[in-house]
Amino acid sequence: MKKPLSLLAVSAILLSGMADAQTIFPESIDPNYSSNTLLMPPSPLSTQVLFIGGVDKVQTVDSNGNPNGDAVAKQWHDFIGFTPDNSGNSMGWVSINHERVSMDDKIGDGGGMTVFKVKRSGDSLAVVPQTLTDGRSGDFFNVDFVNTVGETGMNCGGIVGPDGRIWTAEEWGRKSNAHIYYDGQGIRDTSDYTISNSGISFADGQSVERYKNLNYMVEIDPKEAVAIRKQYNWGRWDFEGGAILSDNKTVFLGVDATPSFFMKFVATTAGDFTKGDLFLYKEDAANKWIKINNNSMNDIFSIKQQGVDAKATMYNRIEWVQADENSNAIYFTETGRDHPASRWKDEFAEGAKFANHHVLRAAQQGTTPDSSLYADYYGRVMKLDLTNNKMGVYLAAGPEYNMDSVPSNLYPDKHLSNPDGLHIMKKDDKSYMFICEDLNGSSYGRVPEDIASGRTCEMWFLDMAIANPTVDDLIRITATPTGAEITGAMSTPDGKTLLVNSQHPSADNPYPYNNSLTIAINGWEDFLVGIEENDLEEKTFGFYPNPASRNIELSEIMDIAIYDALGNRVRVYRNVKSIDVSAFAKGAYYIQANNGTTQKLIIQ
């Protein structure tokens with residue numbers, strides 16, 4: 001049978017000298033937490049810079065939608081969308097969010113987006129010059145929001161639909177007009193906004209205060225660099241990520257807030273997202289989804305309160321959301337917040353429920369999620385099984401420390417902190433996950449104590465064929481320059497390139513790493529093929545259950561050794577078929593049989 005590659009790699013490292021093992025998976029590159037340039041990915045991968053914020057020029061339009069010359073592109077690149085070119089003249093259109101809020105007479109006030117077209121050029125990508133219907137010509141184009149849907153703010157995450165449609169998430173939670181224009185910056189027009197041409201019947205014709213026209217998922221047309229509509233019927237909140245199933249009707253939505261509720265919109269007609277129903281996830285409900293109201297502006301302004309009233313399940317900062325058909329599941333990052341109690345204890349008092357994993361985690365800390373003692377430093381990746389709508393932790397970040405500062409000599413080779421961006425690349429019948437970090441802080445081992453000011457963020461790769469994955473199964477692909485967040489991971493349809501952003505790096509870094517960058521990491525066809533070709537056919541052994549809390553039963557009588565996650569041999573058993581593991585500390589272990597084969601064991 002085929003043995004999971006990452007397990008072989010781990011056993012090769014952990015058990016060298018104990019068995020004649022071979023490292024199969026490409027090893028993680030060495031971390032460099034103080035680098036002021038991009039950390040180069042492992043061979044056969046290579047990088048190229050495609051788009052530089054604050055340097056490259058974007059083509060703009062005036063207040064009448066006519067060409068208005070060029071302007072320097074905005075910074076703080078975040079979400080990346082990709083829309084395939086079905087005509088075959090190029091690969092397709094790339095959409096880049098700009099999370100930074102600024103004022104610009106040409107580009108527009110608030111956040112923004114840039115779109116451009118790419119084609120394959122040898123082993124790399126090339127930007128394709130275009131002329132749009134509105135008359136603009138060039139390489140890079142500013143998305144026109146002002147003339148169609150009004151200003152946009154803090155464009156963070158987003159959605160790529162199954163047909164290549166693009167939505168950008170306005171994460172900029174504002175509570176008044178004074179919050180959108182302050183200290184001479186932000187959005188200057190604070191007059192009431194009249195909604196039109198959205199196709200959403202209850203919204204069109206309504207006049208709202210300007211700040212209430214922010215905080216939506218917004219559909220854009222990347223081919224013409226223009227916004228189409230704000231999805232008023234999906235609600236108004238601090239949206240970050242989302243995913244649309246292949247039915248082109250079911251939308252899952254993440255909200256970057258504490259508390260946040262996990263949301264679902266189901267369109268009445270496939271492909272038409274102007275009509276449909278809105279639901280919130282409720283872990284203790286029979287069918288798990290509670291329908292809420294989304295038929296008026298008052299409804300969409302009260303999504304959070306409706307969730308509290310429905311006693312929906314609360315999460316600690318839901319960010320990016322991805323669908324995976326191979327596992328028939330939805331995955332999302334719950335980035336975490338150090339001490340969330342002050343953020344969600346009032347909602348808990350009103351009846352909203354903590355997610356089960358927070359209740360269990362708090363109990364392990366000897367407290368409750370509404371206590372100021374409850375800590376959630378590292379975050380996690382969550383999984384919603386679509387066959388039964390059950391939710392659970394897919395990959396816990398960490399490892400966790402009980403010390404505020406962790407010196408470099410105690411810092412592990414692999415450490416996942418505050419997962420944010422999430423992408424699933426598909427190749428044939430396999431799925432691979434990319435996880436991007438956005439550190440909430442540097443304490444408690446999120447970075448080594450001697451470089452705490454740098455906050456370098458890493459991007460990790462995971463073979464999703466691995467059952468019960470842990471941080472040990474991750475492969476470090478790259479890390480951003482000092483000060484930057486890594487985000488936006490998005491693969492091209494041919495599976496050869498992964499696009500990723502370096503956002504808000506330190507201004508002290510050398511050019512171009514002192515600007516927000518959109519980077520192409522090329523060579524994935526060789527990287528993934530190399531993995532698959534190195535799968536080993538070998539006789540293995542079985543045991544159950546896994547995870548285990550007390551006894552495990554082996555498939556046959558044998559000699560085995562158990563190793564901890566650091567490769568230390570902790571126990572040897574001779575001529576056994578059953579083992580009591582109840583005395584072992586919780587965590588990941590490796591069992592090596594006398595024939596040299598190794599399997600991972602999770603003790604919980």
# chains A, B, ... in the order shown; residues from 1 in each chain; ligands from 1
>>> select_by_dssp(residues="segment 455-581 of chain A", states="strand (DSSP E or B)", output="ChimeraX atom specification")
/A:458-463,475-479,485-491,497-503,517-522,537,543-544,548,551-564,569-580
>>> residues_around(residues="segment 193-210 of chain A", least_positions_apart="6", cutoff="8 Å", atoms="only C-alpha atoms", output="list of chain:residue names")
A:Val149, A:Gly150, A:Asn177, A:Ile228, A:Arg229, A:Lys230, A:Gln231, A:Tyr232, A:Asn233, A:Thr274, A:Lys275, A:Asn295, A:Ser296, A:Met297
>>> write_last_selection(atoms="N, CA, C and O atoms", output="compact mmCIF listing (two decimals), in the first residue's frame")
# COMPACT_ATOMS: atom_id res chain seq x y z
N VAL A 149 -20.46 51.14 -7.30
CA VAL A 149 -21.01 50.66 -6.02
C VAL A 149 -20.64 51.55 -4.84
O VAL A 149 -21.01 51.25 -3.71
N GLY A 150 -19.93 52.64 -5.08
CA GLY A 150 -19.45 53.47 -3.99
C GLY A 150 -18.07 53.02 -3.54
O GLY A 150 -17.54 52.00 -4.00
N ASN A 177 -19.73 57.83 10.27
CA ASN A 177 -19.00 58.55 9.23
C ASN A 177 -17.70 59.12 9.75
O ASN A 177 -16.73 59.29 9.00
N ILE A 228 -19.19 45.30 -9.64
CA ILE A 228 -20.52 44.96 -10.13
C ILE A 228 -21.59 45.26 -9.09
O ILE A 228 -22.57 45.96 -9.37
N ARG A 229 -21.44 44.71 -7.89
CA ARG A 229 -22.44 44.94 -6.84
C ARG A 229 -21.84 44.62 -5.48
O ARG A 229 -20.89 43.84 -5.37
N LYS A 230 -22.40 45.25 -4.46
CA LYS A 230 -22.16 44.83 -3.09
C LYS A 230 -23.25 43.85 -2.72
O LYS A 230 -24.43 44.08 -3.01
N GLN A 231 -22.86 42.74 -2.09
CA GLN A 231 -23.82 41.66 -1.78
C GLN A 231 -24.55 41.99 -0.48
O GLN A 231 -24.33 41.38 0.55
N TYR A 232 -25.44 42.96 -0.59
CA TYR A 232 -26.18 43.39 0.61
C TYR A 232 -26.92 42.23 1.26
O TYR A 232 -27.05 42.16 2.48
N ASN A 233 -27.41 41.30 0.45
CA ASN A 233 -28.21 40.19 1.01
C ASN A 233 -27.36 39.13 1.70
O ASN A 233 -27.90 38.19 2.28
N THR A 274 -28.29 37.25 -6.21
CA THR A 274 -29.11 38.37 -5.74
C THR A 274 -30.31 37.90 -4.94
O THR A 274 -30.97 38.72 -4.30
N LYS A 275 -30.62 36.62 -4.96
CA LYS A 275 -31.76 36.07 -4.22
C LYS A 275 -31.32 34.78 -3.54
O LYS A 275 -30.64 33.95 -4.14
N ASN A 295 -33.86 40.09 4.33
CA ASN A 295 -34.81 40.61 3.34
C ASN A 295 -35.01 42.11 3.42
O ASN A 295 -35.88 42.66 2.74
N SER A 296 -34.22 42.80 4.24
CA SER A 296 -34.33 44.25 4.35
C SER A 296 -32.99 44.80 4.80
O SER A 296 -32.12 44.07 5.29
N MET A 297 -32.83 46.12 4.66
CA MET A 297 -31.59 46.74 5.11
C MET A 297 -31.43 46.58 6.62
O MET A 297 -30.33 46.36 7.12
>>> select_by_dssp(residues="segment 267-410 of chain A", states="helix (DSSP H, G or I)", output="PyMOL selection string")
chain A and resi 297-301+303-309+341-349+356-364+408-410
>>> write_last_selection(atoms="N, CA, C and O atoms", output="CSV table (one decimal), in the first residue's frame")
chain,number,residue,atom,x,y,z
A,297,MET,N,-32.8,46.1,4.7
A,297,MET,CA,-31.6,46.7,5.1
A,297,MET,C,-31.4,46.6,6.6
A,297,MET,O,-30.3,46.4,7.1
A,298,ASN,N,-32.5,46.7,7.4
A,298,ASN,CA,-32.4,46.5,8.8
A,298,ASN,C,-32.0,45.1,9.1
A,298,ASN,O,-31.2,44.8,10.1
A,299,ASP,N,-32.4,44.1,8.3
A,299,ASP,CA,-31.9,42.7,8.5
A,299,ASP,C,-30.4,42.6,8.4
A,299,ASP,O,-29.7,42.0,9.2
A,300,ILE,N,-29.9,43.2,7.3
A,300,ILE,CA,-28.5,43.0,7.0
A,300,ILE,C,-27.6,43.8,7.9
A,300,ILE,O,-26.4,43.5,8.1
A,301,PHE,N,-28.2,44.8,8.6
A,301,PHE,CA,-27.4,45.6,9.6
A,301,PHE,C,-27.4,44.9,10.9
A,301,PHE,O,-26.6,45.3,11.8
A,303,ILE,N,-27.0,41.3,11.5
A,303,ILE,CA,-26.6,39.9,11.4
A,303,ILE,C,-26.0,39.4,12.7
A,303,ILE,O,-26.3,38.3,13.2
A,304,LYS,N,-25.1,40.2,13.3
A,304,LYS,CA,-24.5,39.7,14.5
A,304,LYS,C,-25.5,39.5,15.6
A,304,LYS,O,-25.5,38.5,16.3
A,305,GLN,N,-26.4,40.5,15.8
A,305,GLN,CA,-27.4,40.4,16.9
A,305,GLN,C,-28.4,39.2,16.6
A,305,GLN,O,-28.8,38.5,17.5
A,306,GLN,N,-28.7,39.0,15.3
A,306,GLN,CA,-29.5,37.8,15.0
A,306,GLN,C,-28.8,36.5,15.4
A,306,GLN,O,-29.5,35.6,15.8
A,307,GLY,N,-27.5,36.5,15.2
A,307,GLY,CA,-26.7,35.3,15.6
A,307,GLY,C,-26.8,35.1,17.1
A,307,GLY,O,-26.9,34.0,17.6
A,308,VAL,N,-26.6,36.2,17.8
A,308,VAL,CA,-26.7,36.1,19.3
A,308,VAL,C,-28.1,35.6,19.7
A,308,VAL,O,-28.2,34.7,20.6
A,309,ASP,N,-29.1,36.2,19.1
A,309,ASP,CA,-30.5,35.8,19.5
A,309,ASP,C,-30.8,34.3,19.1
A,309,ASP,O,-31.5,33.7,19.8
A,341,ALA,N,-11.8,37.0,25.9
A,341,ALA,CA,-12.9,37.1,26.8
A,341,ALA,C,-13.7,38.4,26.7
A,341,ALA,O,-14.9,38.5,26.6
A,342,SER,N,-12.9,39.6,26.7
A,342,SER,CA,-13.6,40.9,26.6
A,342,SER,C,-14.4,41.1,25.4
A,342,SER,O,-15.2,42.0,25.3
A,343,ARG,N,-14.0,40.3,24.3
A,343,ARG,CA,-14.7,40.5,23.0
A,343,ARG,C,-16.0,39.7,22.9
A,343,ARG,O,-16.8,40.1,22.1
A,344,TRP,N,-16.1,38.6,23.6
A,344,TRP,CA,-17.3,37.8,23.4
A,344,TRP,C,-18.1,37.4,24.7
A,344,TRP,O,-19.0,36.7,24.6
A,345,LYS,N,-17.6,37.9,25.8
A,345,LYS,CA,-18.3,37.5,27.0
A,345,LYS,C,-19.8,38.1,27.1
A,345,LYS,O,-20.7,37.5,27.7
A,346,ASP,N,-20.0,39.3,26.5
A,346,ASP,CA,-21.3,39.9,26.5
A,346,ASP,C,-22.3,39.0,25.7
A,346,ASP,O,-23.4,38.8,26.0
A,347,GLU,N,-21.8,38.6,24.5
A,347,GLU,CA,-22.6,37.8,23.6
A,347,GLU,C,-22.9,36.4,24.3
A,347,GLU,O,-24.0,35.9,24.1
A,348,PHE,N,-21.9,35.9,25.0
A,348,PHE,CA,-22.2,34.7,25.7
A,348,PHE,C,-23.2,34.9,26.8
A,348,PHE,O,-24.1,34.0,27.0
A,349,ALA,N,-23.2,36.0,27.5
A,349,ALA,CA,-24.2,36.3,28.5
A,349,ALA,C,-25.6,36.4,27.9
A,349,ALA,O,-26.6,36.1,28.6
A,356,ASN,N,-17.3,24.1,20.6
A,356,ASN,CA,-16.9,23.1,21.5
A,356,ASN,C,-15.4,23.0,21.8
A,356,ASN,O,-14.9,22.8,22.9
A,357,HIS,N,-14.6,23.3,20.7
A,357,HIS,CA,-13.2,23.2,20.9
A,357,HIS,C,-12.6,24.3,21.8
A,357,HIS,O,-11.6,24.1,22.5
A,358,HIS,N,-13.3,25.4,21.9
A,358,HIS,CA,-12.9,26.5,22.8
A,358,HIS,C,-13.2,26.1,24.2
A,358,HIS,O,-12.5,26.4,25.2
A,359,VAL,N,-14.4,25.5,24.4
A,359,VAL,CA,-14.8,25.0,25.8
A,359,VAL,C,-13.7,24.0,26.3
A,359,VAL,O,-13.3,24.0,27.4
A,360,LEU,N,-13.4,23.0,25.4
A,360,LEU,CA,-12.4,22.0,25.8
A,360,LEU,C,-11.0,22.6,26.0
A,360,LEU,O,-10.3,22.2,27.0
A,361,ARG,N,-10.6,23.5,25.1
A,361,ARG,CA,-9.3,24.1,25.3
A,361,ARG,C,-9.2,24.9,26.6
A,361,ARG,O,-8.2,24.8,27.3
A,362,ALA,N,-10.3,25.7,26.9
A,362,ALA,CA,-10.3,26.4,28.2
A,362,ALA,C,-10.3,25.5,29.4
A,362,ALA,O,-9.6,25.8,30.4
A,363,ALA,N,-11.0,24.4,29.3
A,363,ALA,CA,-11.0,23.4,30.4
A,363,ALA,C,-9.6,22.9,30.7
A,363,ALA,O,-9.1,22.7,31.8
A,364,GLN,N,-8.8,22.7,29.6
A,364,GLN,CA,-7.4,22.2,29.7
A,364,GLN,C,-6.6,23.3,30.4
A,364,GLN,O,-5.5,22.9,31.0
A,408,SER,N,15.8,31.1,21.2
A,408,SER,CA,16.1,30.4,19.9
A,408,SER,C,16.5,28.9,20.1
A,408,SER,O,16.1,28.0,19.3
A,409,ASN,N,17.3,28.6,21.1
A,409,ASN,CA,17.7,27.3,21.3
A,409,ASN,C,16.6,26.3,21.7
A,409,ASN,O,16.8,25.1,21.7
A,410,LEU,N,15.5,26.8,22.1
A,410,LEU,CA,14.3,26.0,22.4
A,410,LEU,C,13.3,26.0,21.3
A,410,LEU,O,12.2,25.4,21.5
>>> residues_around(residues="Asn515 of chain A", least_positions_apart="4", cutoff="10 Å", atoms="only C-alpha atoms", output="list in words")
Phe51, Ile52, Gly53, Gly54, Val55, Gln75, Trp76, His77, Pro481, Ala484, Ser502, Gln503, His504, Pro505, Ser506, Ala507, Asp508, Asn509, Pro510 and Tyr511 of chain A
>>> write_last_selection(atoms="N, CA, C and O atoms", output="compact mmCIF listing (two decimals), in the first residue's frame")
# COMPACT_ATOMS: atom_id res chain seq x y z
N PHE A 51 4.24 42.08 -9.54
CA PHE A 51 3.54 43.36 -9.34
C PHE A 51 4.06 43.99 -8.06
O PHE A 51 4.08 43.34 -7.01
N ILE A 52 4.48 45.27 -8.13
CA ILE A 52 5.06 45.98 -7.00
C ILE A 52 4.17 47.15 -6.63
O ILE A 52 4.00 48.10 -7.41
N GLY A 53 3.62 47.11 -5.43
CA GLY A 53 2.82 48.22 -4.94
C GLY A 53 3.68 49.44 -4.69
O GLY A 53 4.85 49.33 -4.32
N GLY A 54 3.12 50.64 -4.92
CA GLY A 54 3.87 51.87 -4.72
C GLY A 54 4.88 52.16 -5.80
O GLY A 54 5.58 53.18 -5.73
N VAL A 55 4.98 51.27 -6.79
CA VAL A 55 5.95 51.44 -7.88
C VAL A 55 5.26 51.31 -9.24
O VAL A 55 5.31 52.21 -10.08
N GLN A 75 -0.79 50.00 -1.97
CA GLN A 75 0.03 49.01 -1.30
C GLN A 75 -0.85 48.04 -0.49
O GLN A 75 -2.06 48.02 -0.62
N TRP A 76 -0.18 47.25 0.35
CA TRP A 76 -0.81 46.28 1.23
C TRP A 76 -1.61 45.24 0.44
O TRP A 76 -2.82 45.10 0.62
N HIS A 77 -0.93 44.52 -0.42
CA HIS A 77 -1.57 43.47 -1.21
C HIS A 77 -2.06 42.35 -0.29
O HIS A 77 -1.33 41.89 0.58
N PRO A 481 9.76 38.95 3.83
CA PRO A 481 10.77 39.86 4.39
C PRO A 481 10.32 40.38 5.75
O PRO A 481 9.13 40.34 6.10
N ALA A 484 6.63 41.77 7.20
CA ALA A 484 5.54 41.53 6.25
C ALA A 484 4.66 40.36 6.68
O ALA A 484 5.10 39.42 7.33
N SER A 502 3.39 39.47 -0.43
CA SER A 502 4.11 39.96 0.74
C SER A 502 3.53 41.33 1.05
O SER A 502 3.64 42.26 0.25
N GLN A 503 2.89 41.46 2.23
CA GLN A 503 2.12 42.66 2.54
C GLN A 503 2.78 43.48 3.65
O GLN A 503 3.27 42.90 4.62
N HIS A 504 2.76 44.78 3.52
CA HIS A 504 3.28 45.79 4.46
C HIS A 504 4.63 45.42 5.10
O HIS A 504 4.76 45.34 6.32
N PRO A 505 5.67 45.18 4.29
CA PRO A 505 6.99 44.89 4.86
C PRO A 505 7.61 46.13 5.47
O PRO A 505 7.12 47.26 5.31
N SER A 506 8.72 45.93 6.18
CA SER A 506 9.45 47.05 6.76
C SER A 506 10.00 47.95 5.66
O SER A 506 10.54 47.48 4.66
N ALA A 507 9.88 49.27 5.88
CA ALA A 507 10.42 50.23 4.91
C ALA A 507 11.95 50.19 4.87
O ALA A 507 12.55 50.73 3.93
N ASP A 508 12.57 49.55 5.85
CA ASP A 508 14.03 49.47 5.89
C ASP A 508 14.58 48.33 5.04
O ASP A 508 15.80 48.21 4.88
N ASN A 509 13.72 47.46 4.53
CA ASN A 509 14.18 46.36 3.68
C ASN A 509 14.71 46.91 2.35
O ASN A 509 14.28 47.98 1.90
N PRO A 510 15.61 46.20 1.68
CA PRO A 510 16.09 46.66 0.37
C PRO A 510 15.00 46.52 -0.69
O PRO A 510 14.08 45.71 -0.56
N TYR A 511 15.10 47.33 -1.74
CA TYR A 511 14.15 47.26 -2.85
C TYR A 511 14.26 45.90 -3.54
O TYR A 511 15.35 45.39 -3.71
>>> atom_distance(atom1="atom CA of Val572 of chain A", atom2="atom CA of Gly398 of chain A")
28.0 Å
>>> residues_around(residues="segment 130-143 of chain A", least_positions_apart="2", cutoff="10 Å", atoms="only C-alpha atoms", output="JSON, numbers by chain")
{"A": [51, 56, 57, 58, 59, 60, 61, 65, 66, 67, 68, 69, 70, 71, 72, 73, 74, 94, 95, 96, 97, 106, 107, 108, 112, 113, 114, 115, 116, 117, 118, 127, 128, 145, 146, 220, 221, 222, 223, 224, 225, 226, 227]}
